[in-house]
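Visitor: This is the structure I have questions about; it appears just below.
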Amino acid sequence: MKTPVDRFRFRPYQRPAAGWGALRSVAHAWLDSRQPFKNLRAMLQTNQHGGFDCPGCAWGEAPQEGRIRFCENGAKAVNWEASGRGVDRAFFARHSVDDLAAHDDYWLEYQGRLVEPMFLDGTSDHYRPISWDEAFALIARHLKSLDSPDQAAFYTSGRASNEAAFLYQLFARAFGTNNLPDCSNMCHEASGVALKQSIGTGKGTVTYDDFAKAEAIFVIGQNPGTNHPRMLEPLREAVARGAQVVVLNPLRERGLERFQAPQDPVQMLTGGESPMNTAYLRPALGGDMAAIRGIAKFLLRWQAEAEDRGREEEGPLDRAFIAEHCAGFDDYRATVDATTWAEISAFSGLEKDALERAAHIFCRSNATIICWAMGITQHRHSVATIQEITNLQLMRGQIGRPGAGLCPVRGHSNVQGDRTMGINDRPPPQLLDALESRFGFTVPRKPGYNVVQAIEAMVAGNIKVFIGLGGNFAQATPDSGRTHRGLRNCELSVQISTKLNRSHLVTGKKALILPCLGRSDVDVQSAGPQAVTVEDSFSMVHASYGQLKPLSREMRSEPAIVAGIAQATLGDTPVPWCTLTEDYRRIRALIGDVIPGFEHFEEKLQQPGGFYLQNPAGQRRWHTDSGKANFVSHSLPAPLPPEVLEKIGRKGARKADLVLQTLRSHDQYNTTVYGLDDRYRGVKGERHVLFAHLEDIRRLGFADRDRVDIVSLWSDEVERRVVGFTLIAFDIPRGQAAAYYPEANPLVPLESYGVGSFTPTSKYIAIRLEPSSAPQRIV
Ligand SMILES: Nc1nc2c(c(=O)[nH]1)N[C@H]1C(S)=C(S)[C@@H](COP(=O)(O)OP(=O)(O)OC[C@H]3O[C@@H](n4cnc5c(=O)[nH]c(N)nc54)[C@H](O)[C@@H]3O)O[C@H]1N2
Ligand SMILES: Nc1nc2c(c(=O)[nH]1)N[C@H]1C(S)=C(S)[C@@H](COP(=O)(O)OP(=O)(O)OC[C@H]3O[C@@H](n4cnc5c(=O)[nH]c(N)nc54)[C@H](O)[C@@H]3O)O[C@H]1N2
Ligand SMILES: [Mo]
């Protein structure tokens with residue numbers, strides 16, 4: 001038996017990202033799958049034409065073929081899914097729910113694939129087997145006994161295929177509700193909300209090819225070395241051909257500093273490495289909007305100087321583009337003028353000359369891409385920040401031309417496709433109209449619950465049935481204490497899952513586990529092996545064919561499970577559900593009837609690499625209220641709501657010690673924990689760590705490696721606390737701290753969400769530290 005202190009090691013990692021470290025890690029994941037020979041084939045089929053789409057992230061692939069098109073973390077995702085271990089009835093007979101709940105997330109998923117439907121009947125503490133038909137009938141009974149369809153919530157995680165997602169939303173709406181919360185609510189929701197208002201489409205405007213044409217790429221609030229490793233190659237190429245790569249990130253993320261390409265034998269054998277950026281700015285948490293505002297201020301100043309010289313055309317602004325395509329520029333210019341440098345420095349945490357350098361780079365580039373991810377979206381003012389990014393691009397006409405545009409880098413491999421298919425708690429009227437006219441039923445028009453509202457409704461007892469199409473609702477959501485209470489209030493919770501997780505243990509009074517096929521599994525229906533389709537971050541839609549024989553015959557595909565539930569609940573209305581899933585081409589025909597861009601779906605899928613869903617903004621067509629691309633003006637907002645600032649600022653009140661962001665380690669996929677190491681940050685064997693600056697640690701009366709409890713501050717009286725975290729003195733800006741998600745999720749108050757997006761503010765939590773109350777854990 002070792003104590004955590006024995007397991008835990010911290011030593012800054014000296015090597016470049018990827019390289020041999022990545023190869024070793026792939027080999028470990030592969031051998032640990034218990035079926036290495038089978039999985040080698042699977043790995044080689046990852047992202048290939050005729051193969052399957054990597055179940056990892058939503059980054060796209062170059063159109064041309066390559067032998068190896070997976071990264072270290074894609075290999076982990078595939079091997080984790082394609083595990084030879086199974087969780088069966090004997091396992092559940094051995095372990096009660098309480099017993100399982102005592103294990104950590106790593107252990108739970110490590111037990112292997114769920115292989116048969118299981119039922120927790122509310123009288124026993126053990127799951128027991130149940131037949132598929134009985135499970136479907138039970139769900140139907142519960143759904144039909146509700147007072148209102150709005151007492152059910154249908155959650156989706158972004159791995160679900162287009163086919164599964166389309167059927168699922170059709171079912172929810174035919175049942176009578178828009179309660180379709182999804183993981184996107186916690187992820188890129190703000191990008192969709194902001195971009196829709198600014199440029200009329202909620203998706204990114206660039207394609208994969210644009211990266212090779214860009215003269216500058218800004219990477220803001222994103223850690224691609226871990227979360228989108230296939231992005232490192234285009235970034236490396238960009239730097240190598242003399243383009244600028246500007247990073248905004250408070251942490252020095254190794255993948256954005258140095259990279260050793262595993263597919264470059266010379267670099268691998270000579271220990272070579274490539275630089276990954278040409279400028280690295282380390283802002284305050286939530287400070288990016290002010291940083292962009294600072295860059296915008298330089299642009300306006302240089303433009304004014306050029307105009308004073310009578311040489312308007314030498315200024316950085318694209319006057320013709322603004323005149324022809326944009327609305328709201330004068331207001332925006334006034335807003336920028338009214339923002340002082342003192343405000344910009346205070347909010348951004350950056351020096352004026354660092355912003356001036358970034359502004360110079362921005363102005364010299366005639367083709368600029370701006371990428372962003374969770375460091376931008378998980379803030380209170382994320383919508384405003386993304387609109388500020390858009391404003392900046394509009395000033396130089398950097399949307400709708402080669403090598404330029406906006407690039408929200410999506411998370412889950414099909415999260416973008418799920419939205420396209422109608423997984424949306426606030427569905428656009430066009431979608432509802434199309435469903436209504438195609439299927440001939442009255443669709444619900446009332447907006448549904450998003451994730452935060454669904455939790456509030458559960459806590460209030462207003463949701464009785466919760467169904468999760470994938471994901472881990474109990475663990476991925478904020479304010480775990482309250483969320484868990486909410487889940488327990490439900491009469492029935494149903495999880496359609498590949499692997500055991502916390503959401504199977506924090507349940508409604510009754511609970512079902514419905515084991516499904518994953519992306520790598522062959523999916524055979526009566527018409528033969530089936531393909532499903534997905535959409536990547538660049539709006540490319542392509543087919544995915546599972547490759548591996550499923551571990552058990554009792555698993556069903558996601559479309560088949562959704563159809564089974566729908567058939568039991570609604571019979572053959574409005575569609576013969578179970579007939580549709582005999583051959584997924586039938587589902588795709590319906591998608592083609594309803595969703596714009598999917599006409600002739602089947603034919604278009606035959607193209608290698610799939611087909612591109614047009615992006616109107618990318619072609620300078622603006623589907624906004626004004627018919628133009630809108631400059632949207634916001635004054636710089638405070639990162640916390642006034643009532644919280646007031647409470648923290650009150651006399652005698654304990655002030656915040658630090659501001660916390662929650663992030664991903666290199667060894668996890670969201671709540672799926674592959675291992676306890678975070679290679680690039682130098683952490684081994686422990687996830688309950690808190691990164692902070694040594695001087696902050698000392699200022700607060702602690703020493704490096706002390707164990708602390710973390711308490712978050714909010715305007716209510718709820719105590720939110722996590723215990724037993726080891727402090728690590730780290731290269732992080734003063735005043736900031738970082739801890740891993742989901743361990744830190746109990747600290748995120750449910751009411752702390754983005755204005756207009758409802759996204760929990762997982763990257764900005766005011767905290768204070770206390771000496772640890774936790775006994776030394778024995779592991
Ligand atoms: N291997 C792996 N791949 C994944 C995932 C995974 O868990 N594992 N998750 C998938 C999903 S669903 C998603 S959404 C994406 C997530 O991809 P990322 O957004 O890269 O994920 P995070 O770990 O949350 O990293 C956030 C980054 O933003 C920085 N940051 C935090 N706050 C701020 C801020 O205020 N300003 C700036 N400029 N930077 C900030 C952090 O230092 C960190 O580098 O990855 C997807 N891909
Ligand atoms: N504090 C904090 N909280 C966060 C975040 C953060 O940065 N900080 N990030 C947020 C983000 S960006 C996201 S996207 C959410 C993620 O939230 P979710 O998408 O709900 O969570 P995951 O951890 O991705 O879900 C993992 C589970 O999905 C199931 N699964 C895996 N593959 C499949 C499949 O193919 N089909 C089905 N049906 N099930 C499958 C497995 O059972 C696995 O246990 O979390 C959010 N929560
Ligand atoms: Mo995400």
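Residue numbers start at 1 in each chain; chains themselves are named A, B, ... in the order of the structure tokens; ligands are numbered from 1 in the order shown.
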Find the residues of chain A that sit at most 7 Å from ligand 1; for each, write down the nearest two atoms and how far apart they are in Å, to one decimal. Count only C-alpha atoms and all ligand atoms. Sort by chain, then by number going up, and give it as a tab-separated table.
Guide:
```
residue	atom	partner	partner_atom_place_in_ligand_line	distance
A:Gly56	CA	ligand 1	3 (N)	6.0
A:Cys57	CA	ligand 1	47 (N)	4.3
A:Asn73	CA	ligand 1	1 (N)	4.8
A:Cys187	CA	ligand 1	14 (S)	5.3
A:His188	CA	ligand 1	14 (S)	6.9
A:Ile220	CA	ligand 1	38 (N)	4.8
A:Gly221	CA	ligand 1	39 (N)	3.2
A:Gln222	CA	ligand 1	20 (O)	3.7
A:Asn223	CA	ligand 1	20 (O)	3.6
A:Pro224	CA	ligand 1	20 (O)	5.5
A:Thr226	CA	ligand 1	1 (N)	5.2
A:Asn227	CA	ligand 1	3 (N)	3.4
A:His228	CA	ligand 1	47 (N)	5.5
A:Leu248	CA	ligand 1	38 (N)	4.5
A:Asn249	CA	ligand 1	38 (N)	3.9
A:Pro250	CA	ligand 1	42 (O)	5.5
A:Leu251	CA	ligand 1	42 (O)	4.8
A:Glu253	CA	ligand 1	44 (O)	6.1
A:Pro283	CA	ligand 1	38 (N)	6.1
A:Ala284	CA	ligand 1	35 (O)	6.3
A:Leu285	CA	ligand 1	35 (O)	3.4
A:Gly286	CA	ligand 1	35 (O)	3.7
A:Gly287	CA	ligand 1	35 (O)	5.8
A:Asp288	CA	ligand 1	36 (N)	5.7
A:Ala373	CA	ligand 1	19 (O)	4.1
A:Met374	CA	ligand 1	19 (O)	3.6
A:Gly375	CA	ligand 1	40 (C)	3.5
A:Ile376	CA	ligand 1	36 (N)	5.7
A:Arg410	CA	ligand 1	14 (S)	5.8
A:Gly411	CA	ligand 1	13 (C)	3.2
A:His412	CA	ligand 1	12 (S)	4.4
A:Gln661	CA	ligand 1	32 (N)	5.9
A:Thr662	CA	ligand 1	24 (O)	6.7
A:Leu663	CA	ligand 1	23 (O)	3.9
A:Arg664	CA	ligand 1	23 (O)	3.7
A:Ser665	CA	ligand 1	23 (O)	6.7
A:His666	CA	ligand 1	1 (N)	6.2
A:Asp667	CA	ligand 1	1 (N)	6.8
A:Gln668	CA	ligand 1	8 (N)	5.0
A:Tyr669	CA	ligand 1	7 (O)	3.3
A:Asn670	CA	ligand 1	7 (O)	3.7
A:Lys763	CA	ligand 1	32 (N)	5.0
```
Visitor: Save the residues we just selected, C-alpha atoms, as a PDB file, in the first residue's frame?
Guide:
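Once everything was written out, this is again.pdb:
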```
ATOM      1  CA  GLY A  56     -11.278  11.676 -29.769  1.00  0.00           C
ATOM      2  CA  CYS A  57     -11.519  15.320 -30.697  1.00  0.00           C
ATOM      3  CA  ASN A  73      -4.496  10.826 -27.522  1.00  0.00           C
ATOM      4  CA  CYS A 187     -18.356  23.730 -24.016  1.00  0.00           C
ATOM      5  CA  HIS A 188     -18.627  25.883 -27.172  1.00  0.00           C
ATOM      6  CA  ILE A 220      -6.246  31.566 -27.756  1.00  0.00           C
ATOM      7  CA  GLY A 221      -7.249  29.630 -24.658  1.00  0.00           C
ATOM      8  CA  GLN A 222      -6.517  26.250 -26.144  1.00  0.00           C
ATOM      9  CA  ASN A 223      -4.080  23.454 -25.366  1.00  0.00           C
ATOM     10  CA  PRO A 224      -3.779  21.524 -28.629  1.00  0.00           C
ATOM     11  CA  THR A 226      -3.126  17.529 -25.311  1.00  0.00           C
ATOM     12  CA  ASN A 227      -6.600  18.153 -26.652  1.00  0.00           C
ATOM     13  CA  HIS A 228      -6.117  18.478 -30.406  1.00  0.00           C
ATOM     14  CA  LEU A 248      -2.544  33.655 -25.652  1.00  0.00           C
ATOM     15  CA  ASN A 249      -2.457  31.332 -22.690  1.00  0.00           C
ATOM     16  CA  PRO A 250      -1.600  31.953 -19.050  1.00  0.00           C
ATOM     17  CA  LEU A 251       0.200  28.610 -18.897  1.00  0.00           C
ATOM     18  CA  GLU A 253       1.692  24.671 -22.665  1.00  0.00           C
ATOM     19  CA  PRO A 283      -2.981  36.969 -19.898  1.00  0.00           C
ATOM     20  CA  ALA A 284      -4.993  37.074 -16.708  1.00  0.00           C
ATOM     21  CA  LEU A 285      -7.788  34.523 -16.558  1.00  0.00           C
ATOM     22  CA  GLY A 286     -10.701  35.992 -18.441  1.00  0.00           C
ATOM     23  CA  GLY A 287      -8.392  38.747 -19.714  1.00  0.00           C
ATOM     24  CA  ASP A 288      -8.521  37.951 -23.423  1.00  0.00           C
ATOM     25  CA  ALA A 373     -11.370  26.814 -27.190  1.00  0.00           C
ATOM     26  CA  MET A 374     -12.322  26.466 -23.516  1.00  0.00           C
ATOM     27  CA  GLY A 375      -9.983  29.192 -22.208  1.00  0.00           C
ATOM     28  CA  ILE A 376     -12.346  31.593 -23.968  1.00  0.00           C
ATOM     29  CA  ARG A 410     -14.615  21.981 -31.111  1.00  0.00           C
ATOM     30  CA  GLY A 411     -14.250  19.328 -28.478  1.00  0.00           C
ATOM     31  CA  HIS A 412     -16.127  16.058 -28.851  1.00  0.00           C
ATOM     32  CA  GLN A 661      -9.265  27.516 -13.787  1.00  0.00           C
ATOM     33  CA  THR A 662     -10.135  23.843 -14.232  1.00  0.00           C
ATOM     34  CA  LEU A 663      -8.466  22.046 -17.115  1.00  0.00           C
ATOM     35  CA  ARG A 664      -7.600  18.731 -18.668  1.00  0.00           C
ATOM     36  CA  SER A 665      -4.521  16.650 -17.955  1.00  0.00           C
ATOM     37  CA  HIS A 666      -2.734  14.867 -20.770  1.00  0.00           C
ATOM     38  CA  ASP A 667      -4.161  11.558 -19.547  1.00  0.00           C
ATOM     39  CA  GLN A 668      -7.856  12.156 -19.723  1.00  0.00           C
ATOM     40  CA  TYR A 669     -10.710  12.597 -22.097  1.00  0.00           C
ATOM     41  CA  ASN A 670     -13.111  14.813 -20.191  1.00  0.00           C
ATOM     42  CA  LYS A 763     -12.154  28.768 -16.064  1.00  0.00           C
TER      43      LYS A 763
END
```
Visitor: Mind checking DSSP for region 142-376 of chain A and telling me the alpha helix (DSSP H) residues as a VMD selection string?
Guide: chain A and resid 142 to 144 162 to 175 189 to 199 210 to 213 224 to 227 232 to 240 265 to 270 288 to 308 319 to 325 329 to 338 341 to 348 352 to 364 374 to 376
Visitor: Could you dump the residues just selected with C-alpha atoms as an mmCIF file, in the first residue's frame?
Guide:
```cif
data_model
loop_
_atom_site.group_PDB
_atom_site.id
_atom_site.type_symbol
_atom_site.label_atom_id
_atom_site.label_comp_id
_atom_site.auth_asym_id
_atom_site.auth_seq_id
_atom_site.Cartn_x
_atom_site.Cartn_y
_atom_site.Cartn_z
ATOM 1 C CA HIS A 142 -42.264 6.182 -16.990
ATOM 2 C CA LEU A 143 -42.402 8.638 -19.863
ATOM 3 C CA LYS A 144 -46.079 8.055 -20.486
ATOM 4 C CA ASN A 162 -25.623 12.168 -36.768
ATOM 5 C CA GLU A 163 -27.990 9.237 -37.239
ATOM 6 C CA ALA A 164 -28.418 8.641 -33.494
ATOM 7 C CA ALA A 165 -28.733 12.365 -32.778
ATOM 8 C CA PHE A 166 -31.305 12.951 -35.487
ATOM 9 C CA LEU A 167 -33.534 10.138 -34.228
ATOM 10 C CA TYR A 168 -33.077 11.243 -30.630
ATOM 11 C CA GLN A 169 -34.185 14.842 -31.195
ATOM 12 C CA LEU A 170 -37.050 13.651 -33.374
ATOM 13 C CA PHE A 171 -38.160 11.369 -30.569
ATOM 14 C CA ALA A 172 -37.878 14.068 -27.876
ATOM 15 C CA ARG A 173 -39.932 16.476 -29.994
ATOM 16 C CA ALA A 174 -42.485 13.894 -31.050
ATOM 17 C CA PHE A 175 -42.795 13.063 -27.364
ATOM 18 C CA GLU A 189 -22.158 27.209 -26.630
ATOM 19 C CA ALA A 190 -20.816 30.755 -26.370
ATOM 20 C CA SER A 191 -19.156 30.421 -29.777
ATOM 21 C CA GLY A 192 -22.464 29.565 -31.408
ATOM 22 C CA VAL A 193 -24.376 32.316 -29.613
ATOM 23 C CA ALA A 194 -21.732 34.981 -30.309
ATOM 24 C CA LEU A 195 -21.048 34.111 -33.931
ATOM 25 C CA LYS A 196 -24.713 33.839 -34.820
ATOM 26 C CA GLN A 197 -25.291 37.401 -33.738
ATOM 27 C CA SER A 198 -22.066 38.677 -35.278
ATOM 28 C CA ILE A 199 -21.829 36.846 -38.585
ATOM 29 C CA ASP A 210 -6.773 27.523 -44.791
ATOM 30 C CA PHE A 211 -4.091 26.679 -42.224
ATOM 31 C CA ALA A 212 -1.549 26.164 -45.001
ATOM 32 C CA LYS A 213 -2.383 29.584 -46.431
ATOM 33 C CA PRO A 224 -3.779 21.524 -28.629
ATOM 34 C CA GLY A 225 -0.745 19.483 -27.504
ATOM 35 C CA THR A 226 -3.126 17.529 -25.311
ATOM 36 C CA ASN A 227 -6.600 18.153 -26.652
ATOM 37 C CA LEU A 232 0.316 20.592 -33.937
ATOM 38 C CA GLU A 233 1.417 19.587 -37.417
ATOM 39 C CA PRO A 234 -0.229 22.520 -39.264
ATOM 40 C CA LEU A 235 1.043 24.883 -36.566
ATOM 41 C CA ARG A 236 4.574 23.547 -36.935
ATOM 42 C CA GLU A 237 4.361 23.911 -40.707
ATOM 43 C CA ALA A 238 3.127 27.449 -40.289
ATOM 44 C CA VAL A 239 6.097 28.476 -38.162
ATOM 45 C CA ALA A 240 8.485 26.635 -40.485
ATOM 46 C CA PRO A 265 12.108 10.098 -38.750
ATOM 47 C CA VAL A 266 14.950 12.597 -38.910
ATOM 48 C CA GLN A 267 13.582 14.674 -36.092
ATOM 49 C CA MET A 268 12.848 11.581 -34.036
ATOM 50 C CA LEU A 269 16.301 10.090 -34.506
ATOM 51 C CA THR A 270 18.302 13.256 -34.113
ATOM 52 C CA ASP A 288 -8.521 37.951 -23.423
ATOM 53 C CA MET A 289 -11.295 40.348 -24.274
ATOM 54 C CA ALA A 290 -9.259 43.213 -22.858
ATOM 55 C CA ALA A 291 -6.187 41.941 -24.708
ATOM 56 C CA ILE A 292 -8.053 41.919 -28.011
ATOM 57 C CA ARG A 293 -9.442 45.347 -27.193
ATOM 58 C CA GLY A 294 -5.868 46.547 -26.751
ATOM 59 C CA ILE A 295 -4.901 45.204 -30.172
ATOM 60 C CA ALA A 296 -7.985 46.867 -31.658
ATOM 61 C CA LYS A 297 -6.949 50.143 -30.039
ATOM 62 C CA PHE A 298 -3.575 50.008 -31.776
ATOM 63 C CA LEU A 299 -5.264 49.315 -35.101
ATOM 64 C CA LEU A 300 -7.514 52.317 -34.723
ATOM 65 C CA ARG A 301 -4.611 54.502 -33.692
ATOM 66 C CA TRP A 302 -2.483 53.456 -36.674
ATOM 67 C CA GLN A 303 -5.433 53.947 -38.971
ATOM 68 C CA ALA A 304 -5.991 57.462 -37.648
ATOM 69 C CA GLU A 305 -2.285 58.229 -38.116
ATOM 70 C CA ALA A 306 -2.437 57.038 -41.714
ATOM 71 C CA GLU A 307 -5.507 59.125 -42.340
ATOM 72 C CA ASP A 308 -3.831 62.172 -40.809
ATOM 73 C CA ARG A 319 -12.210 50.182 -45.270
ATOM 74 C CA ALA A 320 -13.842 48.697 -48.350
ATOM 75 C CA PHE A 321 -14.814 45.511 -46.520
ATOM 76 C CA ILE A 322 -16.185 47.438 -43.565
ATOM 77 C CA ALA A 323 -18.218 49.706 -45.836
ATOM 78 C CA GLU A 324 -19.611 46.927 -47.957
ATOM 79 C CA HIS A 325 -20.092 44.144 -45.448
ATOM 80 C CA PHE A 329 -18.390 49.953 -36.879
ATOM 81 C CA ASP A 330 -18.806 53.524 -35.652
ATOM 82 C CA ASP A 331 -20.283 52.371 -32.355
ATOM 83 C CA TYR A 332 -17.494 49.886 -31.970
ATOM 84 C CA ARG A 333 -14.835 52.506 -32.642
ATOM 85 C CA ALA A 334 -16.430 54.729 -30.001
ATOM 86 C CA THR A 335 -16.449 51.841 -27.530
ATOM 87 C CA VAL A 336 -12.776 51.117 -28.157
ATOM 88 C CA ASP A 337 -11.913 54.808 -27.834
ATOM 89 C CA ALA A 338 -13.740 54.913 -24.521
ATOM 90 C CA TRP A 341 -5.262 51.616 -21.295
ATOM 91 C CA ALA A 342 -5.527 51.395 -17.538
ATOM 92 C CA GLU A 343 -8.606 49.201 -17.898
ATOM 93 C CA ILE A 344 -7.000 47.141 -20.615
ATOM 94 C CA SER A 345 -3.902 46.446 -18.526
ATOM 95 C CA ALA A 346 -5.890 45.704 -15.395
ATOM 96 C CA PHE A 347 -8.262 43.256 -17.100
ATOM 97 C CA SER A 348 -5.797 41.622 -19.460
ATOM 98 C CA LYS A 352 0.921 47.585 -23.418
ATOM 99 C CA ASP A 353 4.046 46.817 -25.456
ATOM 100 C CA ALA A 354 3.260 43.089 -25.541
ATOM 101 C CA LEU A 355 -0.101 43.988 -27.028
ATOM 102 C CA GLU A 356 1.594 46.358 -29.432
ATOM 103 C CA ARG A 357 3.795 43.526 -30.700
ATOM 104 C CA ALA A 358 0.741 41.331 -31.177
ATOM 105 C CA ALA A 359 -0.999 44.189 -32.968
ATOM 106 C CA HIS A 360 1.962 44.585 -35.339
ATOM 107 C CA ILE A 361 1.843 40.907 -36.203
ATOM 108 C CA PHE A 362 -1.880 41.117 -36.733
ATOM 109 C CA CYS A 363 -1.564 44.106 -39.044
ATOM 110 C CA ARG A 364 1.266 42.690 -41.129
ATOM 111 C CA MET A 374 -12.322 26.466 -23.516
ATOM 112 C CA GLY A 375 -9.983 29.192 -22.208
ATOM 113 C CA ILE A 376 -12.346 31.593 -23.968
#
```
Visitor: Would you mind reading off the distance between CA of Pro36 (chain A) and atom 15 (C, counted along the ligand's line) of ligand 2, one decimal, in Å?
Guide: 29.2 Å
Visitor: Between CA of Ser773 (chain A) and CA of Val708 (chain A), what is the distance, to one decimal in Å?
Guide: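 Taking CA of Ser773 (chain A) and CA of Val708 (chain A), their separation equals 7.6 Å.
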Visitor: Could you name the residues that touch Gly122 (chain A) at 9 Å or less, counting only C-alpha atoms, but leaving out those on the same chain fewer than 6 positions away, as a list of chain:residue names?
Guide: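 The residues satisfying every condition are A:Gly508, A:Lys509, A:Lys510, A:Ala511.
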Visitor: If you run DSSP on this backbone, which residues of region 277-409 of chain A come out as strand (DSSP E or B), and could you give them as a list in words?
Guide: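 Answer for region 277-409 of chain A, restricted to strand (DSSP E or B): Ala279, Tyr280, Leu281, Cys326, Ala327, Thr368, Ile369, Ile370, Cys371, Trp372, Gly405, Leu406, Cys407 and Pro408 of chain A.
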Visitor: Go ahead and save the picked residues with N, CA and C atoms, as a CSV table (one decimal), in the first residue's frame.
Guide:
```
chain,number,residue,atom,x,y,z
A,279,ALA,N,5.1,34.2,-30.8
A,279,ALA,CA,4.9,35.1,-29.7
A,279,ALA,C,4.0,34.4,-28.7
A,280,TYR,N,4.3,34.6,-27.4
A,280,TYR,CA,3.5,33.9,-26.4
A,280,TYR,C,3.1,34.9,-25.3
A,281,LEU,N,1.8,35.2,-25.2
A,281,LEU,CA,1.3,36.2,-24.3
A,281,LEU,C,0.6,35.4,-23.2
A,326,CYS,N,-20.2,45.4,-43.4
A,326,CYS,CA,-20.3,45.5,-41.9
A,326,CYS,C,-21.3,46.5,-41.4
A,327,ALA,N,-21.9,46.2,-40.3
A,327,ALA,CA,-22.7,47.2,-39.6
A,327,ALA,C,-22.1,47.4,-38.2
A,368,THR,N,-5.3,35.9,-41.6
A,368,THR,CA,-5.1,35.6,-40.2
A,368,THR,C,-6.3,34.7,-39.8
A,369,ILE,N,-5.9,33.6,-39.1
A,369,ILE,CA,-6.9,32.7,-38.5
A,369,ILE,C,-6.9,32.9,-37.0
A,370,ILE,N,-8.0,33.0,-36.4
A,370,ILE,CA,-8.0,33.0,-34.9
A,370,ILE,C,-8.7,31.8,-34.4
A,371,CYS,N,-8.0,31.0,-33.6
A,371,CYS,CA,-8.6,29.8,-33.1
A,371,CYS,C,-8.8,30.0,-31.6
A,372,TRP,N,-9.8,29.4,-31.0
A,372,TRP,CA,-10.0,29.4,-29.6
A,372,TRP,C,-10.7,28.2,-29.1
A,405,GLY,N,-9.9,33.6,-41.1
A,405,GLY,CA,-11.2,33.4,-40.6
A,405,GLY,C,-11.2,33.1,-39.1
A,406,LEU,N,-12.4,32.6,-38.7
A,406,LEU,CA,-12.7,32.3,-37.3
A,406,LEU,C,-12.7,30.8,-37.1
A,407,CYS,N,-12.1,30.3,-36.0
A,407,CYS,CA,-12.0,28.9,-35.9
A,407,CYS,C,-12.2,28.5,-34.4
A,408,PRO,N,-13.5,28.4,-34.0
A,408,PRO,CA,-13.7,27.7,-32.7
A,408,PRO,C,-13.3,26.3,-32.8
```
Visitor: Residues within 6 Å of ligand 2, counting only C-alpha atoms and all ligand atoms: report them as number ranges by chain.
Guide: A: 157-160, 183-184, 186-187, 411, 469-473, 476-477, 496-501, 516, 518-519, 662-663, 670-672, 741-742, 745, 762
Visitor: Can you list, as a PyMOL selection string, every protein, DNA or RNA residue that comes within 10 Å of Tyr764 (chain A) when you count only C-alpha atoms, leaving out same-chain residues fewer than 2 positions away?
Guide: chain A and resi 285-286+375+378-380+639-640+658-662+736-738+748+752-753+760-762+766-767
Visitor: Restricting the calculation to only C-alpha atoms and all ligand atoms: of A:Gln607, A:Thr207, A:Asn185, A:Gln619, which residue gets closest to ligand 3?
Guide: A:Asn185
Visitor: Find the residue from A:Leu256, A:Ala214, A:Ala261, A:Val409 that sits nearest to ligand 3; use only C-alpha atoms and all ligand atoms when measuring.
Guide: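 Of A:Leu256, A:Ala214, A:Ala261, A:Val409, the one nearest ligand 3 is A:Val409, counting only C-alpha atoms and all ligand atoms.
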Visitor: Mind checking which residues fall within 12 Å of Ala27 (chain A), counting only C-alpha atoms, ignoring those fewer than 3 positions away in the same chain, and posting them as a list in words?
Guide: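 The residues satisfying every condition are Trp20, Gly21, Ala22, Leu23, Arg24, Trp30, Leu31, Asp32, Ser33, Pro36, Asn39, Leu40, Met43, Cys71, Glu72, Asn73, Ala75, Lys76 and Asn79 of chain A.
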